[in-house]
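This report concerns only the one structure given below.
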Amino acid sequence: MSSSRNNGLCVKELEVEYKSGELALGRVDFTLPEYGIYTILGPSGSGKSTLLRAVSGLLPEYRGELLFNGQSLREQDVLIGLVPQNYGLLPWKTVKSNIRVAMKIANPKGQDRRSQEAQIDRWLSAMGIQELADRYPLSLSGGQQQRVAIARAFAIMPSILLLDEPFSALDAITREVLQQLFLEHWQANPATALFVTHDVDEAILLGQKIIVLPSSKSEAPEIMDNGAVFGLEHGEKRASDAFFDQIKRIRKVMQEKW
Amino acid sequence: MNKRRQLNYILRLLLVFLGMHAVWYVAYLLVHHPMLPSPLDVYQAMGHLGGRDIVLNVGYSLMRIFAGVLLALIVGLLIGLLMGRSALWNKLLDPVVYLTYPVPKIALLPVVMLFFGLGETSKILMIMLILLFQVIISVRDGVKAIPANTYDVLTSIGAGPGQKFWHVTLPGALSVILSTIRISLGTAISVLFFTEIYGTEHGMGFFIMDAWLRLDYPQMYAGILLFSLVGFVLFLLVDLLDYRFMKWRK
């Protein structure tokens, strides 16, 4: 049982089928160490979101195994923070109460009210949105809503953090600001994280490894080491040689597999 | 800015109110017959009514409507939710709702009276019947209209069915529920009038019919005005709920 000694999220021979019997996600195999972050890159329809939904427990049926710290993910109480592409905020609740509800559900016995409120305020100011605390999501811009969603995901202090193309609906500048903001806070509050994206730059900027899903479900995904870029300061990544080398390598994989 | 708009709105309402009275007064001059008293006489008659009388009659009417609406909401919410969340129940209950919806509920008044007597039960039940089917259908459609992924984040952190209902389903369906109540409230008030004709000595319907039979026309019109006031207050209440719970809709 070598896998039981593996700490972190272990995805073993995971396969997901649509009701029609067609594959939604071809076989995926990887182990993400605890407190590590991998990015998943793939064309639309390659099963990126399906993979995240399986890990987050939103899919009732899949084949293969999902282990966390050696035990089945479903049979233990692992807290999962999900940041969906559409931000997943409840429109009828204010920014603050969106975060409060998530904290209460995630941690029902939890802290007393005052330390909970302090926690919410801390995360709102960490994301630079204290002044939006009492606004409703529909009155916010996409970037602001995504800040709220990230604040919420961090505030429940999850063991696993799943991000499903969180920045893809945002403009380039907002996206870069939020990438950096996210990475900073992930480094300060590490959680085992999977980050799905269809943006090559983003995949290289944020992942320790990059899992490239092929467009054909019968091919195996390509797992690429990204340590050379990940080790750099975030601000220097884009201009580095390692970044450009990585782009070239990924483009080559994409040409073959997409 | 906002305050000015509000003031403007209230001013317009007042203008319409006065305008209607002007038309009434002209009609009174033209008809010149006791069956249409002047507005002044009617308000005088209203003044003669004791405060206790008004409170008692208005109170009874309001109580019946509240009870009926509440009952319809509770039952309708349960059935509507069941149909909105489960395809099986929707399949089973849809034909039932479809077949019973077009039955004019007011025609069931004699049946309800036969089964439940002349007392409060049959009155409240009638109001409930009028509202129930509309509540069921709108809750079902409201619940179905909530995108499935609205539940995702709460599901992934382990929310139970009760928490999902309270934080997602209910607030998501609330706007449809409120507009249904607004629409069917008018019908409910008319039905209330019918049910208050029999088996009671309180309520606006009784009051109006009683004045009519005594040929006390000013008082009859006073009753109609008060009855309208009851309806107006109810509409205001729904508006208030809408304002309180629908703030999030930009």
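So you can find residues: chains in the structure tokens are A, B, ... in the order shown, residues in each start at 1, and ligands are numbered from 1 in order.
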Return the neighbours of chain B among the residues of chain A, cut-off 9 Å, counting only C-alpha atoms, as a compact mmCIF listing (two decimals) with C-alpha atoms, in the first residue's frame.
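Below is the file that was written, out_11.txt:
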# COMPACT_ATOMS: atom_id res chain seq x y z
CA ARG A 53 -16.93 18.53 -9.87
CA SER A 56 -15.80 18.61 -4.97
CA GLY A 57 -18.43 15.91 -4.45
CA LEU A 58 -20.97 17.37 -6.86
CA ASP A 77 -15.10 15.18 6.25
CA VAL A 78 -12.75 17.15 4.06
CA LEU A 79 -13.71 20.78 3.79
CA ILE A 80 -13.68 21.93 0.17
CA GLY A 81 -13.57 25.53 -0.96
CA LEU A 82 -14.98 25.96 -4.44
CA VAL A 83 -14.59 29.03 -6.63
CA PRO A 84 -16.71 28.56 -9.76
CA ASN A 86 -19.71 32.31 -12.33
CA GLY A 88 -21.30 31.19 -7.20
CA LEU A 89 -22.50 34.01 -4.95
CA LEU A 90 -26.07 34.00 -3.73
CA PRO A 91 -27.57 37.14 -5.29
CA TRP A 92 -30.07 37.65 -2.47
CA LYS A 93 -27.41 37.91 0.20
CA THR A 94 -25.03 40.77 0.83
CA VAL A 101 -23.42 31.66 5.54
CA ALA A 102 -20.57 29.67 4.03
CA ILE A 105 -22.32 25.77 7.10
CA ALA A 106 -18.68 24.77 6.80
CA ARG A 135 -23.66 45.49 -1.16
CA TYR A 136 -25.52 42.83 -3.11
CA PRO A 137 -23.59 40.78 -5.70
CA LEU A 138 -25.66 41.93 -8.68
CA SER A 139 -24.52 45.51 -8.07
CA ILE A 156 -13.86 28.75 5.49
CA PRO A 158 -10.66 24.54 3.44
Taking the chain letters and numbering used in this document, name the residues of stretch 95-243 of chain A that DSSP puts in alpha helix (DSSP H), as a ChimeraX atom specification.
/A:95-106,113-126,142-155,172-188,200-206,227-230,234-237,241-243
Within 10 Å of stretch 95-106 of chain B, which residues of stretch 135-193 of chain B come that close, and what is the closest atom pair and distance in Å for each? Count only C-alpha atoms and give it as JSON lines.
{"residue": "B:Ile136", "atom": "CA", "partner": "B:Val97", "partner_atom": "CA", "distance": 8.4}
{"residue": "B:Ile137", "atom": "CA", "partner": "B:Val97", "partner_atom": "CA", "distance": 8.1}
{"residue": "B:Thr187", "atom": "CA", "partner": "B:Ile106", "partner_atom": "CA", "distance": 9.7}
{"residue": "B:Ala188", "atom": "CA", "partner": "B:Ile106", "partner_atom": "CA", "distance": 9.9}
{"residue": "B:Ser190", "atom": "CA", "partner": "B:Ile106", "partner_atom": "CA", "distance": 9.7}
{"residue": "B:Val191", "atom": "CA", "partner": "B:Ile106", "partner_atom": "CA", "distance": 7.0}
Using C-alpha atoms, can you write the selected residues to a file as a CSV table (one decimal), in the first residue's frame?
chain,number,residue,atom,x,y,z
B,136,ILE,CA,-48.3,25.8,-6.1
B,137,ILE,CA,-47.6,26.6,-9.8
B,187,THR,CA,-59.5,37.6,-6.1
B,188,ALA,CA,-59.1,36.6,-2.4
B,190,SER,CA,-63.7,39.3,-3.6
B,191,VAL,CA,-64.2,35.8,-2.3
Contact residues around stretch 65-72 of chain B with only C-alpha atoms at 10 Å, ignoring same-chain residues under 4 positions, as a list of chain:residue names:
B:Gly59, B:Tyr60, B:Ser61, B:Gly76, B:Leu77, B:Leu78, B:Thr121, B:Lys123, B:Ile124, B:Leu125, B:Met126, B:Ile127, B:Met128, B:Leu129, B:Ile130, B:Leu131, B:Leu132, B:Phe133, B:Gln134, B:Val135, B:Ile136, B:Ile181, B:Ser184, B:Leu185, B:Ala188, B:Ile189, B:Val191, B:Leu192, B:Leu234
DSSP strand (DSSP E or B) residues within stretch 82-202 of chain A, as a CSV table (one decimal) with C-alpha atoms, in the first residue's frame:
chain,number,residue,atom,x,y,z
A,82,LEU,CA,-15.0,26.0,-4.4
A,83,VAL,CA,-14.6,29.0,-6.6
A,160,ILE,CA,-8.9,21.5,-0.6
A,161,LEU,CA,-9.3,24.5,-2.7
A,162,LEU,CA,-10.8,24.1,-6.2
A,163,LEU,CA,-10.9,26.9,-8.7
A,164,ASP,CA,-12.9,26.4,-11.9
A,192,THR,CA,-4.2,21.7,-1.4
A,193,ALA,CA,-5.3,23.4,-4.6
A,194,LEU,CA,-6.5,22.5,-8.1
A,195,PHE,CA,-6.8,25.4,-10.5
A,196,VAL,CA,-8.6,24.9,-13.8
A,197,THR,CA,-8.0,27.3,-16.6
Gap from atom CA of B:Leu73 to atom CA of B:Ile224 - Å, one decimal
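Here the two named atoms are 27.6 Å from each other.
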I'd like to know which of A:Ser141, A:Asn7, A:Ser97, A:Ser240 is closest to A:Ile120, using only C-alpha atoms.
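Of A:Ser141, A:Asn7, A:Ser97, A:Ser240, the one nearest A:Ile120, counting only C-alpha atoms, is A:Ser97.
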Near A:Ala228, within 12 Å and counting only C-alpha atoms, which residues show up once chain neighbours fewer than 6 positions away are dropped, as a list in words?
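My reading of the contact set: Ile204, Leu205, Leu206, Gly207, Gln208, Lys209, Lys237, Ser240, Asp241, Ala242, Phe243, Phe244, Asp245 and Gln246 of chain A.
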Export N, CA and C atoms of the chosen residues as an mmCIF file, in the first residue's frame?
data_model
loop_
_atom_site.group_PDB
_atom_site.id
_atom_site.type_symbol
_atom_site.label_atom_id
_atom_site.label_comp_id
_atom_site.auth_asym_id
_atom_site.auth_seq_id
_atom_site.Cartn_x
_atom_site.Cartn_y
_atom_site.Cartn_z
ATOM 1 N N ILE A 204 0.771 28.551 -16.317
ATOM 2 C CA ILE A 204 2.201 28.586 -16.004
ATOM 3 C C ILE A 204 2.466 29.471 -14.781
ATOM 4 N N LEU A 205 1.713 30.543 -14.653
ATOM 5 C CA LEU A 205 1.958 31.476 -13.551
ATOM 6 C C LEU A 205 1.591 30.890 -12.194
ATOM 7 N N LEU A 206 0.618 29.991 -12.163
ATOM 8 C CA LEU A 206 0.067 29.605 -10.865
ATOM 9 C C LEU A 206 0.368 28.181 -10.411
ATOM 10 N N GLY A 207 0.812 27.301 -11.335
ATOM 11 C CA GLY A 207 0.905 25.891 -10.947
ATOM 12 C C GLY A 207 2.315 25.415 -10.658
ATOM 13 N N GLN A 208 2.435 24.494 -9.682
ATOM 14 C CA GLN A 208 3.711 23.813 -9.476
ATOM 15 C C GLN A 208 3.902 22.786 -10.587
ATOM 16 N N LYS A 209 2.783 22.156 -10.955
ATOM 17 C CA LYS A 209 2.786 21.302 -12.132
ATOM 18 C C LYS A 209 1.590 21.698 -12.974
ATOM 19 N N LYS A 237 7.906 36.454 -13.077
ATOM 20 C CA LYS A 237 7.625 35.258 -13.872
ATOM 21 C C LYS A 237 7.454 35.560 -15.349
ATOM 22 N N SER A 240 10.552 36.080 -17.454
ATOM 23 C CA SER A 240 11.658 35.138 -17.326
ATOM 24 C C SER A 240 11.783 34.222 -18.547
ATOM 25 N N ASP A 241 12.985 33.696 -18.731
ATOM 26 C CA ASP A 241 13.213 32.742 -19.822
ATOM 27 C C ASP A 241 12.440 31.458 -19.569
ATOM 28 N N ALA A 242 12.420 31.051 -18.313
ATOM 29 C CA ALA A 242 11.747 29.793 -17.971
ATOM 30 C C ALA A 242 10.287 29.850 -18.413
ATOM 31 N N PHE A 243 9.664 31.018 -18.249
ATOM 32 C CA PHE A 243 8.266 31.208 -18.619
ATOM 33 C C PHE A 243 8.083 30.982 -20.129
ATOM 34 N N PHE A 244 8.994 31.575 -20.908
ATOM 35 C CA PHE A 244 8.866 31.438 -22.363
ATOM 36 C C PHE A 244 9.156 30.013 -22.825
ATOM 37 N N ASP A 245 10.143 29.389 -22.180
ATOM 38 C CA ASP A 245 10.422 27.984 -22.514
ATOM 39 C C ASP A 245 9.185 27.134 -22.251
ATOM 40 N N GLN A 246 8.559 27.417 -21.109
ATOM 41 C CA GLN A 246 7.385 26.628 -20.723
ATOM 42 C C GLN A 246 6.247 26.838 -21.726
#
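Put simply, atom CA of A:Phe30 is 14.7 Å away from atom CA of A:Arg63.
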